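Trainee: What follows is a structure written as structure tokens; I'll ask about it next.
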Amino acid sequence: MDIIRTENLCYDYVTTDDEGNVTGRNPALKNVNLSIPEGQFLAVLGHNGCGKSTLAKHFNAILTPTEGKVFVDGIDTSCEEKLFEIRRTVGMVFQNPDNQLVATIVEEDVAFAPENLGVPPKEIRERVDSALKQVDMYEFREHAPHQLSGGQKQRVAIAGIIAMQPRCIVMDEPTAMLDPKGRKEVMSTIKRLNREQGITVILITHYMEEAAQADRVIVMDKGSVIMDDEPHRIFSREKELKAVGLDVPQVTELCCMLKDGGVDISAEIIFEEECSAAISELSLKKKTADIIREKIPETKKDAEEAARLENVTYKYSIGTPFEKTAVDNVNLTVFRGEFIGIIGHTGSGKSTLIQHLNGLIKPTSGTVFIDNADIHSKDVKIRDIRFKVGIVFQYSEHQLFEETVSEDIAYGPKNMGLSEEEVKKRVEEAAEVMGISKLLEKSPFELSGGQQRRVALAGVLAMNPEMLILDEPAAGLDPKGRNLILSLISNYHKKSGKTILLISHSMEDIVKYAEKVLVMNKGKIYKFDYIDNVFDDTESLVSIGLDVPQITRLSHKLRESGIDIGSDIYTTERAAQRLLSLM
Amino acid sequence: MIKDITIGQYFPGKSVVHRMDSRIKMILDLIYLVMLFVSQTFTGLIATMLFIVICYIISDIKLIMIIKSIKPILPLMIFTAILNMLFIGGEKPLFQWWIISIYPEGIRISAFMLIRIIALIVGMSLLTYTTSPIMLTDAIERLLTPLKKLRFPVHELSMMMTIALRFIPTLVEETEKIMSAQKARGADLDTGGIVKRAKALVPVLIPLFVSAFKRANDLATAMECRCYRGGEGRTRMRQLKIAARDIIAVIIVLAVLAGIILLNCFPIFP
């Protein structure tokens with residue numbers, strides 16, 4: 001029996017004027033026919049705005065169809081008397097973990113839904129305990145939500161749904177705002193619920209590796225389902241996926257590259273185990289690849305120093321039991337014009353470190369030099385440093401406030417006290433760099449998330465800082481948005497020659513754009529060098545708990561089975577090249 | 001600055017006072033207020049103070065917290081006390097200079113008021129120090145239940161309180177983030193006169209409101225998904241039960257109240 005079935009589902013977002021007359025119809029879903037059998041793990045892919053969230057909201061009657069029908073366990077969702085029965089059957093988890101927790105204590109929050117359903121107190125207690133155990137959060141039952149990490153909060157949100165004892169859970173990008181560790185926690189929880197409890201899972205995601213773990217994948221574009229198949233077959237259609245702004249897992253990409261290089265290998269490969277097995281079966285000329293590497297550039301002797309940290313230590317909450325050393329005796333020199341990637345897991349001190357560079361945080365001990373001047377000395381104005389070192393924070397779109405995009409971008413330059421013409425010039429230049437020149441007269445609040453992010457970036461660029469620091473500029477965007485924003489930053493670096501520091505959880509992104517990498521671990525610099533030197537030994541990066549690219553994990557797997565393509569594999573291109581040299 | 005205010009904070013603990021039923025605690029706190037206003041003598045007032053200090057000791061709350069909870073409002077209290085002293089007249093002035101004359105009655109009354117207000121804050125703080133916010137809202141909801149008959153939105157009120165408590169830390173964190181972001185764009189939030197500072201806050205407040213509305217919207221949808229439909233037909237996981245300790249506490253507090261009233265009738269000191 002299908003738990004969810006849609007029949008010619010259409011949905012239009014209707015815009016109205018002040019008097020309630022319909023001024024426009026914006027079709028978000030067009031003729032969606034879908035049936036989801038009970039117990040299935042279904043992943044939904046599609047770029048932002050393709051209608052996948054709108055579709056998800058139909059599954060538990062948050063939205064009802066403009067045309068067509070949706071049935072949940074045989075009940076028509078437009079039937080209002082059955083509303084609570086529908087919502088109890090199909091639970092929903094959203095993207096932002098903070099915005100779905102209601103109560104101030106974890107267990108009270110999990111109890112919220114059963115309380116609403118009028119379940120007797122004793123049974124609520126049992127359901128809450130069992131739900132918390134299922135998501136592995138039982139020991140945190142008396143914590144306040146704000147004391148938890150993102151991944152933990154998201155698991156509490158899932159427990160809050162499980163407590164309704166639903167038969168299906170719809171998750172709308174539950175991992176988008178989490179770090180790699182949180183993502184893994186949530187994914188393993190989801191999989192366990194599906195495998196062990198037989199709960200149907202519908203997972204909307206931008207991460208191809210997550211979708212690969214599903215039983216079935218549907219791909220949406222412009223409000224329609226354009227592909228619907230088993231994940232191996234979906235991802236083997238690499239070109240079609242890329243055409244709709246999506247991606248494929250790295251191993252699939254590798255297999256496609258090998259295939260193009262004349263190797264007889266299937267493209268229906270999505271996991272590193274499968275890929276490693278398929279490669280082992282190939283007839284190889286030899287088992288160890290010759291490692292010829294380009295010469296690593298040496299630091300130019302005449303390189304000008306842009307910033308220097310000397311014995312910088314920063315402690316939080318000094319003198320309380322919560323005292324914590326966030327940055328521990330860091331020495332660092334950044335040269336002008338470098339593009340440095342910064343990685344490290346959450347809590348490794350990377351965000352604290354960068355805020356030292358524009359004086360937002362004053363070190364507990366140690367000195368920060370920008371252009372060879374101690375920024376906390378008396379003759380340096382800290383605001384001047386802020387204009388020299390621009391920081392774009394995580395989810396920077398949350399800082400927009402002006403009526404129009406151009407006014408918002410102008411905020412920084414105006415604070416610098418520039419003349420009106422100069423401000424105007426800066427705004428136009430920054431907008432051009434970020435590709436938003438056409439949006440200047442719009443309100444920042446009517447733009448899409450990705451566009452807002454670029455406006456916020458332009459707002460910092462317009463100050464024309466000598467050093468630009470970006471904290472996770474691509475977080476939460478779809479693959480197309482990620483690539484766009486990162487390549488815009490990279491182009492800006494090439495054109496302007498400015499120093500750039502980029503924090504990211506994604507090593508794939510860093511190796512693509514940066515020349516040097518700074519690895520932070522427990523408040524200290526674990527490694528800081530050119531990419532090839534840092535990634536020379538990928539096993540050591542795994543050992544400090546970093547999330548390495550899938551292709552790197554594949555190279556480790558291959559070595560276990562006796563095929564050595566080097567320990568410096570972090571791009572698909574390099575892996576393909578080395579493997580082809582073995583054929 | 002926000003972090004220095006201790007009023008309304010909760011210090012988790014396992015003392016008898018912590019474990020008492022929050023409804024009873026709230027009612028007893030009201031009786032304590034009555035005590036303060038009933039006592040007409042210094043002896044009575046001091047006895048009440050002594051009583052609350054003992055309660056602090058039983059609750060394992062450090063006495064320094066008493067001082068901390070008074071500190072932020074001390075200037076205001078002293079100001080009122082001085083005003084009282086200046087304007088309350090009597091028969092024989094103790095001190096006279098220009099148009100200022102201070103009478104012994106004035107000193108007496110303002111000292112009395114001062115102690116009373118301090119005792120009031122100290123007593124109220126003990127309630128929040130030893131009761132978690134969720135227990136407090138719970139107690140309020142249950143104590144106000146009779147008002148439902150008068151169509152007073154008791155459940156909605158307590159839901160609002162819970163959500164407010166839930167989102168205060170989130171919004172404080174968010175404010176700090178936005179402030180950092182705007183400072184990085186050269187915002188000058190720390191210097192200048194009141195008008196300039198207020199204007200400088202606009203770039204912080206607007207994003208904060210925008211995000212608060214977005215959060216409210218998301219939360220409403222999430223609550224709908226979890227079958228929320230108001231207080232109608234709702235059950236509660238946590239059931240409040242009155243234990244022996246609650247009854248003993250009621251007896252003790254009532255005894256103290258009786259003592260205070262007796263002191264009024266038969267003052268030891270005039």
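Convention: chains lettered A, B, ... in structure tokens order; per-chain residue numbering from 1; ligands numbered from 1 as shown.
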Would you pick out the contacts of Tyr395 (chain A) at 8 Å or less, using only C-alpha atoms, so that residues sharing its chain but fewer than 4 positions from it are not included, and give the list as a ChimeraX atom specification?
Mentor: /A:453,472-473,475
Trainee: Would you write out, as a tab-separated table, a table of all residues in chain B that have an atom no more than 6 Å from an atom of chain A, listing for each the closest atom pair and the distance in Å to one decimal, considering only C-alpha atoms and ordering rows by chain and rising residue number?
Mentor:
residue	atom	partner	partner_atom	distance
B:Arg166	CA	A:Thr104	CA	4.8
B:Ile178	CA	A:Gln399	CA	5.9
B:Ala184	CA	A:Arg386	CA	5.6
B:Arg185	CA	A:Gly412	CA	4.8
B:Gly186	CA	A:Asn415	CA	5.6
B:Pro203	CA	A:Phe401	CA	5.8
B:Ile206	CA	A:Phe401	CA	5.6
B:Pro207	CA	A:Phe401	CA	5.5
B:Arg215	CA	A:Asn99	CA	5.4
B:Asp218	CA	A:Asn99	CA	5.9
B:Leu219	CA	A:Gln100	CA	5.1
B:Ala222	CA	A:Gln100	CA	5.4
B:Cys225	CA	A:Arg87	CA	6.0
B:Arg226	CA	A:Ala113	CA	4.9
B:Cys227	CA	A:Phe84	CA	6.0
B:Tyr228	CA	A:Asn116	CA	5.4
B:Gly233	CA	A:Gly118	CA	5.7
B:Arg234	CA	A:Gly118	CA	4.8
B:Thr235	CA	A:Glu115	CA	4.8
B:Arg236	CA	A:Glu115	CA	5.5
B:Met237	CA	A:Pro121	CA	4.5
Trainee: What would the file look like if the residues just selected were written as a PDB file, in the first residue's frame with C-alpha atoms?
Mentor:
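Final file, selection.pdb:
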ATOM      1  CA  ARG B 166      13.061  29.344  24.505  1.00  0.00           C
ATOM      2  CA  ILE B 178      24.633  40.769  13.620  1.00  0.00           C
ATOM      3  CA  ALA B 184      32.977  44.492  10.375  1.00  0.00           C
ATOM      4  CA  ARG B 185      31.319  46.864   7.909  1.00  0.00           C
ATOM      5  CA  GLY B 186      32.515  49.815   9.978  1.00  0.00           C
ATOM      6  CA  PRO B 203      21.354  48.170  11.040  1.00  0.00           C
ATOM      7  CA  ILE B 206      16.166  45.565  11.289  1.00  0.00           C
ATOM      8  CA  PRO B 207      17.968  42.284  10.532  1.00  0.00           C
ATOM      9  CA  ARG B 215      11.740  32.268  12.947  1.00  0.00           C
ATOM     10  CA  ASP B 218       9.000  28.641  10.678  1.00  0.00           C
ATOM     11  CA  LEU B 219       8.054  27.822  14.237  1.00  0.00           C
ATOM     12  CA  ALA B 222       6.644  23.329  12.735  1.00  0.00           C
ATOM     13  CA  CYS B 225       3.153  19.844  11.807  1.00  0.00           C
ATOM     14  CA  ARG B 226       3.173  18.630  15.364  1.00  0.00           C
ATOM     15  CA  CYS B 227      -0.597  18.879  15.571  1.00  0.00           C
ATOM     16  CA  TYR B 228      -0.761  21.985  17.754  1.00  0.00           C
ATOM     17  CA  GLY B 233      -7.807  18.607  24.591  1.00  0.00           C
ATOM     18  CA  ARG B 234      -4.155  18.947  25.444  1.00  0.00           C
ATOM     19  CA  THR B 235      -2.558  16.701  28.068  1.00  0.00           C
ATOM     20  CA  ARG B 236       0.710  17.284  29.884  1.00  0.00           C
ATOM     21  CA  MET B 237       3.600  14.919  30.391  1.00  0.00           C
TER      22      MET B 237
END
Trainee: For Ala249 (chain B), which residue out of B:Ile58, B:Met49, B:Leu94, B:Val204 is the nearest one, using only C-alpha atoms?
Mentor: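 Looking at the shortest contact to Ala249 (chain B), the residue is B:Ile58.
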Trainee: I need the strand (DSSP E) residues of region 27-251 of chain B per DSSP on the backbone, written as a list in words.
Mentor: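 Everything in region 27-251 of chain B that counts as strand (DSSP E) is Phe95, Gln96, Trp97, Ile100, Ser101 and Ile102 of chain B.
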Trainee: Need the shell around Phe369 (chain A): protein/DNA/RNA residues with any atom at most 7 Å away, counting only C-alpha atoms. Skip same-chain ones fewer than 3 positions apart. Format as number ranges by chain?
Mentor: A: 307-309, 372-375
Trainee: Please save C-alpha atoms of the selected residues as a short mmCIF file (atom, residue, chain, number, x, y, z; two decimals), in the first residue's frame.
Mentor:
data_model
loop_
_atom_site.label_atom_id
_atom_site.label_comp_id
_atom_site.auth_asym_id
_atom_site.auth_seq_id
_atom_site.Cartn_x
_atom_site.Cartn_y
_atom_site.Cartn_z
CA ALA A 307 49.04 40.06 8.50
CA ARG A 308 50.93 38.39 11.30
CA LEU A 309 49.78 36.83 14.54
CA ASN A 372 53.30 45.56 10.33
CA ALA A 373 51.35 47.63 12.82
CA ASP A 374 50.02 46.28 16.12
CA ILE A 375 46.29 46.85 15.70
#
Trainee: Got a sec: who's within 10 Å of region 127-143 of chain B, counting only C-alpha atoms, leaving out chain neighbours fewer than 3 positions off, as a PyMOL selection string?
Mentor: (chain A and resi 103-105+108) or (chain B and resi 6-29+56+59-61+65+122-124+146-148+153-162+165-166+236+238-240)
Trainee: Which polymer residues have any atom within 12 Å of an atom of Thr41 (chain B), counting only C-alpha atoms, with same-chain residues fewer than 5 positions away left out, as a PyMOL selection string?
Mentor: chain B and resi 35-36+46-48+108-109+111-113+115-116+260-270
Trainee: Please, what distance in Å, to one decimal, runs between CA of Asp215 (chain A) and CA of Phe41 (chain A)?
Mentor: 5.2 Å
Trainee: What separation in Å, quoted to one decimal, exists between CA of Glu209 (chain A) and CA of Gly545 (chain A)?
Mentor: 18.5 Å
Trainee: Can you list, as a ChimeraX atom specification, all residues belonging to region 47-166 of chain B that DSSP tags as alpha helix (DSSP H)?
Mentor: /B:47-58,64-70,74-87,104-130,133-144,154-166
Trainee: Please provide as a CSV table (one decimal) with C-alpha atoms, in the first residue's frame all residues within 8 Å of Cys10 (chain A), with the sequence filter that same-chain residues fewer than 4 positions apart are discarded (counting only C-alpha atoms).
Mentor:
chain,number,residue,atom,x,y,z
A,27,PRO,CA,3.2,27.7,-10.8
A,28,ALA,CA,5.4,25.8,-8.4
A,29,LEU,CA,4.3,22.3,-9.1
A,30,LYS,CA,3.1,20.9,-12.5
A,31,ASN,CA,1.3,17.6,-12.8
A,32,VAL,CA,3.2,15.6,-10.3
A,65,PRO,CA,-3.2,21.3,-4.1
A,66,THR,CA,-4.5,24.0,-6.5
A,67,GLU,CA,-5.4,21.1,-8.8
A,68,GLY,CA,-5.1,17.4,-8.5
Trainee: Do you know which residues are at most 6 Å from region 329-336 of chain A counting only C-alpha atoms, after dropping those on the same chain fewer than 5 positions away, and could you put them as JSON, numbers by chain?
Mentor: {"A": [304, 305, 306, 307, 308, 309, 310, 311, 312, 313, 499]}
Trainee: How would the residues just picked look written out with N, CA and C atoms as a PDB file, in the first residue's frame?
Mentor:
ATOM      1  N   GLU A 304      55.234  40.512   0.309  1.00  0.00           N
ATOM      2  CA  GLU A 304      54.956  41.485   1.362  1.00  0.00           C
ATOM      3  C   GLU A 304      54.044  40.859   2.401  1.00  0.00           C
ATOM      4  N   GLU A 305      54.316  41.153   3.640  1.00  0.00           N
ATOM      5  CA  GLU A 305      53.509  40.580   4.704  1.00  0.00           C
ATOM      6  C   GLU A 305      52.206  41.375   4.840  1.00  0.00           C
ATOM      7  N   ALA A 306      51.070  40.656   4.885  1.00  0.00           N
ATOM      8  CA  ALA A 306      49.786  41.349   5.023  1.00  0.00           C
ATOM      9  C   ALA A 306      49.309  41.317   6.473  1.00  0.00           C
ATOM     10  N   ALA A 307      49.495  40.183   7.113  1.00  0.00           N
ATOM     11  CA  ALA A 307      49.042  40.060   8.495  1.00  0.00           C
ATOM     12  C   ALA A 307      49.941  39.090   9.217  1.00  0.00           C
ATOM     13  N   ARG A 308      50.102  39.314  10.523  1.00  0.00           N
ATOM     14  CA  ARG A 308      50.929  38.395  11.300  1.00  0.00           C
ATOM     15  C   ARG A 308      50.337  38.271  12.700  1.00  0.00           C
ATOM     16  N   LEU A 309      50.213  37.056  13.155  1.00  0.00           N
ATOM     17  CA  LEU A 309      49.781  36.825  14.537  1.00  0.00           C
ATOM     18  C   LEU A 309      50.985  36.317  15.302  1.00  0.00           C
ATOM     19  N   GLU A 310      51.217  36.903  16.462  1.00  0.00           N
ATOM     20  CA  GLU A 310      52.356  36.465  17.270  1.00  0.00           C
ATOM     21  C   GLU A 310      51.878  35.955  18.615  1.00  0.00           C
ATOM     22  N   ASN A 311      52.087  34.699  18.886  1.00  0.00           N
ATOM     23  CA  ASN A 311      51.702  34.063  20.158  1.00  0.00           C
ATOM     24  C   ASN A 311      50.287  34.440  20.594  1.00  0.00           C
ATOM     25  N   VAL A 312      49.359  34.388  19.668  1.00  0.00           N
ATOM     26  CA  VAL A 312      47.995  34.817  20.000  1.00  0.00           C
ATOM     27  C   VAL A 312      47.238  33.709  20.719  1.00  0.00           C
ATOM     28  N   THR A 313      46.730  34.051  21.897  1.00  0.00           N
ATOM     29  CA  THR A 313      45.904  33.130  22.680  1.00  0.00           C
ATOM     30  C   THR A 313      44.605  33.835  23.000  1.00  0.00           C
ATOM     31  N   THR A 499      44.345  39.618  -0.865  1.00  0.00           N
ATOM     32  CA  THR A 499      44.540  38.464   0.001  1.00  0.00           C
ATOM     33  C   THR A 499      43.169  37.897   0.383  1.00  0.00           C
TER      34      THR A 499
END
